[in-house]
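Data from entry.pdb: PDB, C-alpha atoms and all ligand atoms
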```pdb
ATOM      1  CA  MET A   1     -27.262  -9.593-165.433
ATOM      2  CA  ALA A   2     -28.986 -12.357-167.439
ATOM      3  CA  THR A   3     -27.582 -13.557-170.738
ATOM      4  CA  ILE A   4     -28.142 -16.314-173.254
ATOM      5  CA  GLU A   5     -25.391 -17.332-175.623
ATOM      6  CA  LEU A   6     -25.772 -20.037-178.255
ATOM      7  CA  ASN A   7     -22.829 -20.537-180.547
ATOM      8  CA  ASP A   8     -23.385 -22.696-183.621
ATOM      9  CA  VAL A   9     -25.685 -24.993-181.682
ATOM     10  CA  SER A  10     -27.185 -28.076-183.328
ATOM     11  CA  LEU A  11     -29.379 -30.761-181.829
ATOM     12  CA  THR A  12     -30.101 -34.078-183.478
ATOM     13  CA  PHE A  13     -32.515 -36.612-182.030
ATOM     14  CA  ARG A  14     -31.860 -40.233-182.782
ATOM     15  CA  THR A  15     -35.081 -42.105-182.569
ATOM     16  CA  ARG A  16     -36.579 -45.475-183.477
ATOM     17  CA  THR A  17     -38.837 -45.430-186.502
ATOM     18  CA  SER A  18     -41.198 -47.970-184.988
ATOM     19  CA  ALA A  19     -41.138 -50.256-181.999
ATOM     20  CA  LYS A  20     -42.527 -53.155-184.031
ATOM     21  CA  LEU A  21     -41.144 -54.669-187.227
ATOM     22  CA  THR A  22     -43.435 -54.704-190.223
ATOM     23  CA  LEU A  23     -43.900 -58.052-191.954
ATOM     24  CA  LYS A  24     -41.751 -56.793-194.855
ATOM     25  CA  GLU A  25     -38.929 -55.776-192.500
ATOM     26  CA  TYR A  26     -39.181 -59.130-190.720
ATOM     27  CA  VAL A  27     -38.913 -61.046-194.010
ATOM     28  CA  VAL A  28     -36.005 -58.912-195.248
ATOM     29  CA  GLN A  29     -34.121 -59.353-191.987
ATOM     30  CA  HIS A  30     -34.631 -63.070-191.595
ATOM     31  CA  LEU A  31     -34.701 -64.306-195.180
ATOM     32  CA  PHE A  32     -31.952 -62.142-196.634
ATOM     33  CA  ARG A  33     -30.069 -61.532-193.390
ATOM     34  CA  ARG A  34     -30.164 -57.848-194.164
ATOM     35  CA  LYS A  35     -30.760 -55.354-191.378
ATOM     36  CA  THR A  36     -33.384 -52.712-192.107
ATOM     37  CA  SER A  37     -32.628 -49.527-190.225
ATOM     38  CA  GLN A  38     -35.017 -48.867-187.356
ATOM     39  CA  TRP A  39     -33.346 -45.625-186.431
ATOM     40  CA  MET A  40     -33.696 -42.193-187.845
ATOM     41  CA  SER A  41     -32.091 -38.867-187.091
ATOM     42  CA  VAL A  42     -34.151 -35.737-186.683
ATOM     43  CA  HIS A  43     -32.124 -32.564-187.055
ATOM     44  CA  ALA A  44     -34.318 -30.518-184.752
ATOM     45  CA  LEU A  45     -31.897 -27.569-184.498
ATOM     46  CA  SER A  46     -29.161 -26.631-186.957
ATOM     47  CA  HIS A  47     -26.383 -24.088-186.444
ATOM     48  CA  ILE A  48     -28.252 -21.753-184.128
ATOM     49  CA  ASN A  49     -26.504 -18.570-183.073
ATOM     50  CA  LEU A  50     -28.308 -16.515-180.479
ATOM     51  CA  HIS A  51     -27.281 -13.752-178.161
ATOM     52  CA  ALA A  52     -29.805 -12.298-175.710
ATOM     53  CA  GLN A  53     -29.436 -10.079-172.691
ATOM     54  CA  ASP A  54     -31.288  -8.040-170.078
ATOM     55  CA  GLY A  55     -34.363  -6.386-171.543
ATOM     56  CA  ASP A  56     -34.853  -8.881-174.365
ATOM     57  CA  ARG A  57     -38.397 -10.230-174.618
ATOM     58  CA  ILE A  58     -38.162 -12.822-177.353
ATOM     59  CA  GLY A  59     -41.061 -14.563-179.063
ATOM     60  CA  ILE A  60     -40.278 -17.719-181.017
ATOM     61  CA  ILE A  61     -42.575 -18.373-183.971
ATOM     62  CA  GLY A  62     -42.700 -20.817-186.872
ATOM     63  CA  HIS A  63     -44.538 -23.768-188.364
ATOM     64  CA  ASN A  64     -45.335 -26.963-186.476
ATOM     65  CA  GLY A  65     -42.190 -29.022-186.048
ATOM     66  CA  ALA A  66     -39.887 -26.064-186.808
ATOM     67  CA  GLY A  67     -37.895 -26.563-183.612
ATOM     68  CA  LYS A  68     -39.416 -23.925-181.314
ATOM     69  CA  SER A  69     -40.063 -26.104-178.259
ATOM     70  CA  THR A  70     -36.771 -27.915-178.748
ATOM     71  CA  LEU A  71     -34.948 -24.587-178.725
ATOM     72  CA  LEU A  72     -36.720 -23.600-175.508
ATOM     73  CA  LYS A  73     -35.880 -26.927-173.865
ATOM     74  CA  LEU A  74     -32.278 -26.547-174.921
ATOM     75  CA  LEU A  75     -32.196 -23.096-173.325
ATOM     76  CA  ALA A  76     -33.707 -24.597-170.162
ATOM     77  CA  GLY A  77     -30.911 -27.177-170.048
ATOM     78  CA  ILE A  78     -33.285 -30.120-170.584
ATOM     79  CA  TYR A  79     -31.574 -31.068-173.854
ATOM     80  CA  PRO A  80     -27.831 -30.629-174.190
ATOM     81  CA  PRO A  81     -26.667 -29.537-177.647
ATOM     82  CA  THR A  82     -25.279 -32.258-179.924
ATOM     83  CA  LYS A  83     -22.855 -29.653-181.292
ATOM     84  CA  GLY A  84     -21.926 -26.108-180.354
ATOM     85  CA  LYS A  85     -22.034 -24.222-177.070
ATOM     86  CA  ARG A  86     -24.916 -23.179-174.834
ATOM     87  CA  ARG A  87     -24.495 -20.729-172.010
ATOM     88  CA  VAL A  88     -27.284 -19.223-169.921
ATOM     89  CA  ASP A  89     -26.470 -16.916-167.018
ATOM     90  CA  GLY A  90     -29.211 -16.172-164.493
ATOM     91  CA  SER A  91     -31.772 -18.170-162.529
ATOM     92  CA  ILE A  92     -34.201 -19.898-164.893
ATOM     93  CA  CYS A  93     -37.933 -20.523-164.556
ATOM     94  CA  SER A  94     -39.314 -22.880-167.200
ATOM     95  CA  LEU A  95     -43.059 -22.753-167.661
ATOM     96  CA  PHE A  96     -43.698 -25.810-169.776
ATOM     97  CA  ASP A  97     -44.521 -29.428-169.057
ATOM     98  CA  ILE A  98     -45.156 -28.163-165.550
ATOM     99  CA  ALA A  99     -47.538 -30.950-164.580
ATOM    100  CA  LEU A 100     -44.951 -33.659-165.256
ATOM    101  CA  GLY A 101     -42.761 -35.252-162.633
ATOM    102  CA  PHE A 102     -44.867 -35.129-159.486
ATOM    103  CA  GLU A 103     -44.284 -37.788-156.846
ATOM    104  CA  SER A 104     -47.682 -39.457-157.125
ATOM    105  CA  GLU A 105     -47.686 -41.087-153.681
ATOM    106  CA  ALA A 106     -46.531 -37.935-151.907
ATOM    107  CA  SER A 107     -48.938 -35.264-150.688
ATOM    108  CA  GLY A 108     -49.332 -31.824-152.188
ATOM    109  CA  TRP A 109     -47.334 -30.350-149.284
ATOM    110  CA  GLU A 110     -44.481 -32.809-149.856
ATOM    111  CA  ASN A 111     -44.475 -32.122-153.570
ATOM    112  CA  ILE A 112     -44.160 -28.405-152.906
ATOM    113  CA  THR A 113     -40.956 -29.149-151.027
ATOM    114  CA  TYR A 114     -39.548 -31.610-153.594
ATOM    115  CA  ARG A 115     -40.248 -29.301-156.496
ATOM    116  CA  GLY A 116     -38.970 -26.281-154.641
ATOM    117  CA  TYR A 117     -35.621 -28.007-154.175
ATOM    118  CA  LEU A 118     -35.572 -29.035-157.844
ATOM    119  CA  GLN A 119     -36.076 -25.382-158.728
ATOM    120  CA  GLY A 120     -32.948 -24.525-156.807
ATOM    121  CA  GLU A 121     -34.509 -23.431-153.503
ATOM    122  CA  THR A 122     -32.817 -24.220-150.214
ATOM    123  CA  PRO A 123     -34.775 -25.173-147.051
ATOM    124  CA  GLU A 124     -34.266 -21.607-145.799
ATOM    125  CA  SER A 125     -35.333 -19.887-149.008
ATOM    126  CA  LEU A 126     -38.302 -22.216-149.561
ATOM    127  CA  LYS A 127     -39.822 -22.077-146.076
ATOM    128  CA  PRO A 128     -41.265 -18.550-146.266
ATOM    129  CA  LYS A 129     -42.644 -19.235-149.741
ATOM    130  CA  ILE A 130     -44.625 -22.371-148.848
ATOM    131  CA  PRO A 131     -47.719 -20.630-147.360
ATOM    132  CA  GLY A 132     -47.957 -18.393-150.447
ATOM    133  CA  ILE A 133     -47.688 -21.377-152.785
ATOM    134  CA  ALA A 134     -50.391 -23.236-150.877
ATOM    135  CA  GLU A 135     -52.659 -20.211-150.801
ATOM    136  CA  PHE A 136     -52.250 -19.450-154.489
ATOM    137  CA  SER A 137     -53.061 -23.061-155.412
ATOM    138  CA  GLY A 138     -56.377 -22.775-153.550
ATOM    139  CA  LEU A 139     -56.208 -26.502-152.800
ATOM    140  CA  GLY A 140     -56.715 -26.174-149.043
ATOM    141  CA  ASP A 141     -57.033 -29.567-147.327
ATOM    142  CA  PHE A 142     -56.442 -31.404-150.587
ATOM    143  CA  LEU A 143     -52.752 -30.604-150.087
ATOM    144  CA  LYS A 144     -52.717 -33.342-147.450
ATOM    145  CA  MET A 145     -53.786 -35.923-150.026
ATOM    146  CA  PRO A 146     -51.432 -37.920-152.303
ATOM    147  CA  VAL A 147     -51.353 -36.100-155.641
ATOM    148  CA  ARG A 148     -52.349 -39.220-157.545
ATOM    149  CA  TYR A 149     -55.915 -38.508-156.426
ATOM    150  CA  TYR A 150     -55.851 -34.971-157.889
ATOM    151  CA  SER A 151     -57.798 -34.056-160.997
ATOM    152  CA  ALA A 152     -55.809 -32.774-163.998
ATOM    153  CA  GLY A 153     -56.825 -29.202-163.179
ATOM    154  CA  MET A 154     -55.776 -29.554-159.526
ATOM    155  CA  LEU A 155     -52.365 -30.827-160.586
ATOM    156  CA  ILE A 156     -51.906 -27.890-162.929
ATOM    157  CA  ARG A 157     -52.908 -25.464-160.157
ATOM    158  CA  LEU A 158     -50.297 -26.912-157.842
ATOM    159  CA  ALA A 159     -47.620 -27.092-160.551
ATOM    160  CA  PHE A 160     -48.230 -23.508-161.639
ATOM    161  CA  SER A 161     -48.226 -22.196-158.079
ATOM    162  CA  ILE A 162     -44.874 -23.834-157.344
ATOM    163  CA  ALA A 163     -43.247 -22.985-160.687
ATOM    164  CA  THR A 164     -44.138 -19.315-160.434
ATOM    165  CA  ALA A 165     -43.166 -18.830-156.795
ATOM    166  CA  VAL A 166     -39.592 -18.079-157.830
ATOM    167  CA  GLU A 167     -38.312 -14.726-159.002
ATOM    168  CA  PRO A 168     -36.516 -15.787-162.149
ATOM    169  CA  GLU A 169     -34.034 -13.763-164.125
ATOM    170  CA  VAL A 170     -34.630 -15.853-167.242
ATOM    171  CA  LEU A 171     -38.252 -16.786-167.925
ATOM    172  CA  LEU A 172     -38.934 -19.517-170.506
ATOM    173  CA  ILE A 173     -42.557 -20.065-171.561
ATOM    174  CA  ASP A 174     -44.060 -22.498-174.048
ATOM    175  CA  GLU A 175     -47.487 -21.303-175.208
ATOM    176  CA  VAL A 176     -49.161 -19.154-172.599
ATOM    177  CA  LEU A 177     -50.750 -21.639-170.313
ATOM    178  CA  SER A 178     -54.441 -22.133-169.945
ATOM    179  CA  VAL A 179     -54.353 -23.380-166.414
ATOM    180  CA  GLY A 180     -57.203 -24.620-164.270
ATOM    181  CA  ASP A 181     -60.727 -23.270-164.298
ATOM    182  CA  LEU A 182     -61.750 -19.725-165.216
ATOM    183  CA  ALA A 183     -61.168 -18.219-161.767
ATOM    184  CA  PHE A 184     -57.695 -19.737-161.553
ATOM    185  CA  GLN A 185     -56.875 -18.697-165.133
ATOM    186  CA  MET A 186     -57.512 -15.066-164.233
ATOM    187  CA  LYS A 187     -55.257 -15.321-161.190
ATOM    188  CA  ALA A 188     -52.635 -17.141-163.239
ATOM    189  CA  GLN A 189     -52.643 -14.523-165.971
ATOM    190  CA  GLU A 190     -52.063 -11.784-163.445
ATOM    191  CA  ARG A 191     -49.131 -13.694-161.994
ATOM    192  CA  MET A 192     -47.708 -14.374-165.466
ATOM    193  CA  GLN A 193     -47.795 -10.679-166.272
ATOM    194  CA  GLU A 194     -45.960  -9.927-163.054
ATOM    195  CA  LEU A 195     -43.341 -12.574-163.802
ATOM    196  CA  MET A 196     -42.854 -11.258-167.325
ATOM    197  CA  LYS A 197     -42.496  -7.715-166.036
ATOM    198  CA  ASN A 198     -39.937  -8.661-163.412
ATOM    199  CA  ALA A 199     -37.855 -11.155-165.403
ATOM    200  CA  ARG A 200     -34.706  -9.708-166.876
ATOM    201  CA  LEU A 201     -34.939 -11.836-169.981
ATOM    202  CA  MET A 202     -37.891 -13.716-171.427
ATOM    203  CA  VAL A 203     -38.202 -16.255-174.231
ATOM    204  CA  MET A 204     -41.635 -17.526-175.168
ATOM    205  CA  VAL A 205     -42.935 -19.867-177.848
ATOM    206  CA  SER A 206     -46.271 -18.820-179.243
ATOM    207  CA  HIS A 207     -48.592 -19.214-182.186
ATOM    208  CA  ASP A 208     -50.578 -16.209-180.995
ATOM    209  CA  LEU A 209     -49.227 -13.646-183.439
ATOM    210  CA  LYS A 210     -51.599 -10.936-182.192
ATOM    211  CA  SER A 211     -50.413 -10.802-178.611
ATOM    212  CA  LEU A 212     -46.748 -11.428-179.413
ATOM    213  CA  PRO A 213     -45.947  -7.803-180.357
ATOM    214  CA  VAL A 214     -47.571  -6.703-177.090
ATOM    215  CA  LEU A 215     -45.531  -9.094-174.937
ATOM    216  CA  CYS A 216     -42.233  -9.152-176.856
ATOM    217  CA  ASN A 217     -39.793  -6.713-178.397
ATOM    218  CA  ARG A 218     -37.887  -9.237-180.477
ATOM    219  CA  ALA A 219     -38.873 -12.374-182.395
ATOM    220  CA  ILE A 220     -37.096 -15.373-183.817
ATOM    221  CA  TRP A 221     -38.672 -17.224-186.726
ATOM    222  CA  MET A 222     -37.701 -20.871-186.720
ATOM    223  CA  ASP A 223     -37.921 -22.829-189.950
ATOM    224  CA  GLN A 224     -36.905 -26.491-190.204
ATOM    225  CA  GLY A 225     -34.483 -26.211-187.329
ATOM    226  CA  HIS A 226     -32.862 -23.007-188.596
ATOM    227  CA  VAL A 227     -33.235 -19.414-187.522
ATOM    228  CA  ARG A 228     -34.856 -17.904-190.575
ATOM    229  CA  MET A 229     -35.158 -14.407-189.165
ATOM    230  CA  ASP A 230     -34.234 -12.684-185.916
ATOM    231  CA  GLY A 231     -35.158  -9.076-185.275
ATOM    232  CA  ASP A 232     -37.783  -6.587-184.234
ATOM    233  CA  VAL A 233     -40.961  -8.464-183.325
ATOM    234  CA  LYS A 234     -43.202  -6.505-185.698
ATOM    235  CA  ASP A 235     -40.906  -7.098-188.692
ATOM    236  CA  VAL A 236     -40.504 -10.796-188.012
ATOM    237  CA  VAL A 237     -44.219 -11.423-187.449
ATOM    238  CA  LYS A 238     -45.026  -9.499-190.631
ATOM    239  CA  ALA A 239     -42.531 -11.495-192.681
ATOM    240  CA  TYR A 240     -43.777 -14.763-191.223
ATOM    241  CA  ILE A 241     -47.410 -13.944-192.008
ATOM    242  CA  ALA A 242     -46.409 -12.908-195.535
ATOM    243  CA  SER A 243     -44.681 -16.253-196.067
ATOM    244  CA  VAL A 244     -47.815 -18.119-195.061
ATOM    245  CA  ASN A 245     -50.085 -15.856-197.066
ATOM    246  CA  PRO A 246     -48.141 -14.460-200.076
ATOM    247  CA  GLU A 247     -51.010 -12.035-200.770
ATOM    248  CA  THR A 248     -49.815 -10.003-197.798
ATOM    249  CA  ASP A 249     -47.000  -7.521-198.465
ATOM    250  CA  LEU A 250     -43.583  -8.351-197.090
ATOM    251  CA  PRO A 251     -41.958  -5.555-195.104
ATOM    252  CA  ALA A 252     -40.233  -3.423-197.744
ATOM    253  CA  VAL A 253     -36.691  -3.598-196.362
ATOM    254  CA  HIS A 254     -35.473  -5.183-193.208
ATOM    255  CA  ASP A 255     -34.194  -2.506-190.889
ATOM    256  CA  GLY A 256     -30.781  -4.038-190.368
ATOM    257  CA  GLN A 257     -31.331  -5.019-186.742
ATOM    258  CA  GLY A 258     -32.632  -8.378-187.829
ATOM    259  CA  ARG A 259     -30.638 -11.188-189.312
ATOM    260  CA  ILE A 260     -31.855 -13.504-192.013
ATOM    261  CA  GLU A 261     -29.885 -16.705-191.788
ATOM    262  CA  ARG A 262     -31.834 -18.733-194.246
ATOM    263  CA  GLU A 263     -33.285 -17.391-197.435
ATOM    264  CA  ALA A 264     -36.775 -18.329-198.475
ATOM    265  CA  ALA A 265     -36.829 -21.451-200.615
TER     266      ALA A 265
HETATM  267  N1  LIG B   1     -37.825 -36.126-177.963
HETATM  268  C1  LIG B   1     -37.807 -36.130-179.298
HETATM  269  N2  LIG B   1     -37.354 -37.209-179.986
HETATM  270  C2  LIG B   1     -37.317 -37.212-181.327
HETATM  271  N3  LIG B   1     -37.695 -36.171-182.097
HETATM  272  C3  LIG B   1     -38.148 -35.081-181.476
HETATM  273  C4  LIG B   1     -38.235 -35.003-180.050
HETATM  274  N4  LIG B   1     -38.718 -33.784-179.708
HETATM  275  C5  LIG B   1     -38.930 -33.136-180.876
HETATM  276  N5  LIG B   1     -38.587 -33.910-181.929
HETATM  277  C6  LIG B   1     -38.641 -33.541-183.348
HETATM  278  O1  LIG B   1     -37.955 -32.308-183.495
HETATM  279  C7  LIG B   1     -38.622 -31.485-184.451
HETATM  280  C8  LIG B   1     -38.953 -30.150-183.781
HETATM  281  O2  LIG B   1     -39.966 -30.379-182.794
HETATM  282  P1  LIG B   1     -40.498 -29.207-181.847
HETATM  283  O3  LIG B   1     -41.387 -29.821-180.830
HETATM  284  O4  LIG B   1     -39.343 -28.419-181.364
HETATM  285  O5  LIG B   1     -41.339 -28.353-182.887
HETATM  286  P2  LIG B   1     -42.217 -27.036-182.635
HETATM  287  O6  LIG B   1     -41.718 -25.968-183.562
HETATM  288  O7  LIG B   1     -42.256 -26.697-181.192
HETATM  289  O8  LIG B   1     -43.637 -27.540-183.156
HETATM  290  P3  LIG B   1     -45.160 -27.192-182.689
HETATM  291  O9  LIG B   1     -45.489 -25.819-183.182
HETATM  292  O10 LIG B   1     -45.931 -28.232-183.413
HETATM  293  O11 LIG B   1     -45.239 -27.350-181.200
HETATM  294  C9  LIG B   1     -39.830 -32.273-184.936
HETATM  295  O12 LIG B   1     -39.476 -32.889-186.150
HETATM  296  C10 LIG B   1     -40.052 -33.313-183.850
HETATM  297  O13 LIG B   1     -40.586 -34.495-184.409
END
```
Hey, can you dump this file as structure tokens for me?
Amino acid sequence: MATIELNDVSLTFRTRTSAKLTLKEYVVQHLFRRKTSQWMSVHALSHINLHAQDGDRIGIIGHNGAGKSTLLKLLAGIYPPTKGKRRVDGSICSLFDIALGFESEASGWENITYRGYLQGETPESLKPKIPGIAEFSGLGDFLKMPVRYYSAGMLIRLAFSIATAVEPEVLLIDEVLSVGDLAFQMKAQERMQELMKNARLMVMVSHDLKSLPVLCNRAIWMDQGHVRMDGDVKDVVKAYIASVNPETDLPAVHDGQGRIEREAA
């Protein structure tokens, strides 16, 4: 059984405002011996409570910068929460930033092995999958070449083929990928559909509000790091669209399955 449990999770990034001092900051610091702060905190996620289990197909929607990708990366274990508890049970496949982290001097074949291990495969479990990964990538003899000579599309082909060779229980997707050229995109879409069908639990970030109700049965609307609404995908998408375009009618009454954690301003 696959489950996701977030209890009162918050995530704050602490980041430099700018690598270089402005002339004003330089003068203030050196003339008046006063430090101007070069650090700022971004409260990317605030007090998130989320429970998901087998059968949940969750779409995460919201404005740019609302915290959608951060939430997905927190679920993937890439970012630990600053506060609160995160628990994910089940093998995870994360389909985002897939082209990052290749060993540039190593060949395609070697990278298949390295990545396979990073995805939790053992030598025994990976071995039978390697021919399938190579075949799906369609890279043929190029797999013998160091990946630093690959084009961007070739890298994506290889990354996608490796990432989707697992049979994940928890599938995390950031924006449905447009991978490779047209022929590969068609193959990739077919494989994505298969993965989505077989995963026990899926969470995807998307701005494509038309296909979301087809792919998901539940949606979470993120707004400034908060969960603004969590419920049936059709209700949440409708409410989100209405908030962007007030001319559109809001759903009359929420059906009670959803949960509004933050009222509209
Ligand atoms: N590594 C980071 N360091 C500092 N701030 C970050 C980092 N990653 C994200 N943020 C900040 O966290 C907030 C949420 O970003 P996030 O990428 O999760 O938004 P999003 O909802 O996915 O946006 P979009 O729809 O534009 O992709 C933003 O204010 C962003 O600037």
Listed atoms of ligand LIG 1 (chain B) boxed axis-aligned with 5 Å per side, centre + edges as AutoDock Vina command-line options:
```
--center_x -41.6 --center_y -31.5 --center_z -182.1 --size_x 18.6 --size_y 21.4 --size_z 18.2
```
- Item | Env. residues ligand LIG 1 (chain B) / 7 Å / only C-alpha atoms and all ligand atoms / as a list in words |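 After applying the 7 Å limit, what remains is Phe13, Arg14, Thr15, Val42, His43, Ala44, Gly62, His63, Asn64, Gly65, Ala66, Gly67, Lys68, Ser69, Thr70, Leu71 and Gly225 of chain A.
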- Message: Taking the file as I've supplied it (selection: the PyMOL selection byres (((chain A and resi 200) around 6) and not hetatm)), which residues are included? Please answer as a list in words.
- Response: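 Applied to this file, the PyMOL selection byres (((chain A and resi 200) around 6) and not hetatm) selects Asp54, Gly55, Glu169, Ala199 and Leu201 of chain A.
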- Could you state which residues are captured by the PyMOL selection byres (((chain A and resi 100-114) around 6) and not hetatm) in this file, as a ChimeraX atom specification? /A:97-99,115-117,143-148
Emit the selected residues as a compact mmCIF listing (two decimals), in the coordinates of the input, including C-alpha atoms.
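And here is the file that came out, again.txt:
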```txt
# COMPACT_ATOMS: atom_id res chain seq x y z
CA ASP A 97 -44.52 -29.43 -169.06
CA ILE A 98 -45.16 -28.16 -165.55
CA ALA A 99 -47.54 -30.95 -164.58
CA ARG A 115 -40.25 -29.30 -156.50
CA GLY A 116 -38.97 -26.28 -154.64
CA TYR A 117 -35.62 -28.01 -154.18
CA LEU A 143 -52.75 -30.60 -150.09
CA LYS A 144 -52.72 -33.34 -147.45
CA MET A 145 -53.79 -35.92 -150.03
CA PRO A 146 -51.43 -37.92 -152.30
CA VAL A 147 -51.35 -36.10 -155.64
CA ARG A 148 -52.35 -39.22 -157.54
```
- Message: Using all atoms listed in the file, list the residues that have an atom at most 12 Å from (-40.4, -8.1, -178.1), coordinates as in the file, as a PyMOL selection string.
- Response: chain A and resi 52+55-60+196+201-204+209+211-220+230-237
- Message: I need the output of the PyMOL selection byres (((chain A and resi 76) around 10) and not hetatm) for this file as a PyMOL selection string; which residues are they?
- Response: chain A and resi 70-75+77-80+88+92-95+170-172
- Looking at only C-alpha atoms, which of A:Arg157, A:Arg228, A:Lys210, A:Lys129 is the one that sits closest to Ala188 in chain A? A:Arg157
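One finds CA of Leu50 in chain A at 5.7 Å from CA of Glu5 in chain A.
Of the listed residues (A:Gln224, A:Ile133, A:Ile241, A:Val9), A:Val9 comes nearest to Arg86 in chain A; the distances count all atoms listed in the file.
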- Point out the residue among A:Leu118, A:Met186, A:Ala152, A:Ile48 with the least atom-to-atom distance to Phe136 in chain A, counting all atoms listed in the file.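 Nearest candidate to Phe136 in chain A out of A:Leu118, A:Met186, A:Ala152, A:Ile48: A:Met186.
For Leu11 in chain A, the set of protein, DNA and RNA residues having any atom at most 7 Å away, when counting all atoms listed in the file and skipping those fewer than 4 positions along the same chain, is His43, Ala44, Leu45, Ser46, Pro81, Thr82 and Lys83 of chain A.
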